[in-house]
Every structure is written in C-alpha cells, then in structure tokens.
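Read through the structure below, which is laid out as structure tokens, and then see the notes.
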Amino acid sequence: MNLELTIKETDKKKFDKGSLIKEMHNFAERYAEKTNTFFCLDPSITSVIIAGLADYKQKYELPLCQCRNFRSERVVIELNFWICPCVAMRERKECHCKLFVRPNESNIVQPQKIPLITVYKNLIFNLYK
C-alpha cells in the first residue's frame with residue numbers, strides 16, 4: 001500500500017468531516033428558523049448531534065437521527081423514518097435528540113443560531129474530557 005496515497009486519503013476524510021459538520025450546522029440553523037424551533041440550552045448537546053449527523057452523512061450520504069440505535073442502518077435509510085429531520089419532527093415538531101426544541105420548552109437558547117466555532121470547541125472539549 002502506498003503510504004503517500006493513504007495520507008492523502010486521510011487528509012481528504014478530515015476535510016470532508018469538517019465540511020460535513022459545517023453543512024449539518026447550516027442545515028440545523030436553517031431548519032430551526034424555518035420551523036420556529038430552537039437549540040438546546042446546553043451547546044455541547046447541539047454540537048454532538050450536529051457532529052453525529054455529519055458522521056452518518058459521511059458514511060451513508062444521509063444524516064440519520066442521533067438518538068436511535070439501529071440494527072440495520074441500511075434498512076432504516078430505506079424506510080426514510082429516521083433521516084433528519086425525522087418523521088416525528090416533520091409532522092409534530094418532536095425532536096427526540098433535542099437538536100430542535102419547541103419554543104414553549106424551558107431549555108431553549110435564542111436566537112436560533114449556534115456559532116460554528118462553538119460546535120468545534122464543544123467537540124474538542126468532549127474529546128479530551
């Protein structure tokens with residue numbers, strides 16, 4: 001195996017992960033605004049969920065719900081129920097992950113934004129806890 005090629009592939013995956021986190025961050029902010037929902041008061045929860053969505057997006061090209069354990073992720077994708085935003089969120093504004101929180105709940109943060117730097121800081125902090 002060519003070491004130089006392996007290093008390039010690893011660097012590409014790191015770049016892809018960062019760009020996917022940014023993409024999921026942008027999605028979350030836009031969707032929160034569109035649905036008049038908010039983020040959790042604890043930014044580390046929001047950050048971990050955004051990163052998890054990016055992981056699934058990288059693996060399957062679709063962001064799967066973070067609060068579920070799937071026996072078969074491929075089957076779940078075919079059912080289209082737990083692709084974020086999941087059916088419960090789309091139909092009733094019920095996000096079990098707490099990425100999107102309804103305005104009448106007490107644990108919301110306003111405005112409907114979370115700085116991307118906050119997401120990265122929380123992810124780094126959680127790595128070295």
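How things are named: the first chain in the structure tokens is A, the next is B, and so on; residues count from 1 in each chain; ligands count from 1 in the order shown.
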Run DSSP on the backbone of this structure and report the residues of chain A it assigns to strand (DSSP E or B), as a list in words.
Phe38, Phe39, Cys40, Leu64, Ile83, Val101, Ile108 and Val109 of chain A
Can you build me a table of range 60-117 of chain A residues sitting at most 12 Å from range 18-40 of chain A, with the closest atom pair per residue and its distance in Å to one decimal, using only C-alpha atoms, sorted by chain and residue number, as a Markdown table?
| residue | atom | partner | partner_atom | distance |
| --- | --- | --- | --- | --- |
| A:Glu61 | CA | A:Leu20 | CA | 9.9 |
| A:Leu62 | CA | A:Met24 | CA | 10.5 |
| A:Pro63 | CA | A:Met24 | CA | 8.3 |
| A:Leu64 | CA | A:Met24 | CA | 11.3 |
| A:Cys84 | CA | A:Ala28 | CA | 9.6 |
| A:Pro85 | CA | A:Tyr31 | CA | 8.6 |
| A:Met89 | CA | A:Thr35 | CA | 9.5 |
| A:Arg90 | CA | A:Thr35 | CA | 8.9 |
| A:Glu91 | CA | A:Thr35 | CA | 10.9 |
| A:Arg92 | CA | A:Thr35 | CA | 10.6 |
| A:Lys93 | CA | A:Thr35 | CA | 7.9 |
| A:Glu94 | CA | A:Thr37 | CA | 10.0 |
| A:Cys95 | CA | A:Thr37 | CA | 9.8 |
| A:His96 | CA | A:Cys40 | CA | 11.7 |
| A:Cys97 | CA | A:Cys40 | CA | 9.8 |
| A:Lys98 | CA | A:Cys40 | CA | 6.4 |
| A:Leu99 | CA | A:Phe39 | CA | 5.8 |
| A:Phe100 | CA | A:Phe39 | CA | 5.4 |
| A:Val101 | CA | A:Phe38 | CA | 5.0 |
| A:Arg102 | CA | A:Thr37 | CA | 4.9 |
| A:Pro103 | CA | A:Thr37 | CA | 5.9 |
| A:Asn104 | CA | A:Thr37 | CA | 9.3 |
| A:Glu105 | CA | A:Phe38 | CA | 9.4 |
| A:Ser106 | CA | A:Cys40 | CA | 9.2 |
| A:Asn107 | CA | A:Cys40 | CA | 5.8 |
| A:Ile108 | CA | A:Cys40 | CA | 4.9 |
| A:Val109 | CA | A:Phe39 | CA | 5.6 |
| A:Gln110 | CA | A:Phe38 | CA | 6.7 |
| A:Pro111 | CA | A:Phe38 | CA | 7.3 |
| A:Gln112 | CA | A:Phe38 | CA | 5.1 |
| A:Lys113 | CA | A:Glu29 | CA | 5.7 |
| A:Ile114 | CA | A:Glu29 | CA | 7.5 |
| A:Pro115 | CA | A:His25 | CA | 8.7 |
| A:Leu116 | CA | A:His25 | CA | 6.9 |
| A:Ile117 | CA | A:Lys22 | CA | 10.0 |
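Across the model, the gap from CA of Asp16 in chain A to CA of Arg74 in chain A is 21.4 Å.
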From A:Val87, A:Ile77, A:Val119, A:Cys65, residue lying nearest Asp42 in chain A [only C-alpha atoms]:
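The shortest atom-to-atom distance to Asp42 in chain A comes from A:Val119.
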Chain A: which residues are alpha helix (DSSP H) by DSSP, as a VMD selection string?
chain A and resid 3 to 35 43 to 60 73 to 79 87 to 92 116 to 127
Expressed in Å to a single decimal, how great is the separation between CA of Leu123 in chain A and CA of Glu73 in chain A?
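So the two atoms, CA of Leu123 in chain A and CA of Glu73 in chain A, lie 23.9 Å apart.
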Work out how far CA of Ser72 in chain A is from CA of Ser47 in chain A, in Å to one decimal.
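The value is 24.9 Å.
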Of the candidates A:Arg71, A:Leu79, A:Lys17, A:Ala88, which one gets nearest to Ala51 in chain A if we count only C-alpha atoms?
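Going through A:Arg71, A:Leu79, A:Lys17, A:Ala88 one by one, the smallest distance to Ala51 in chain A is for A:Lys17.
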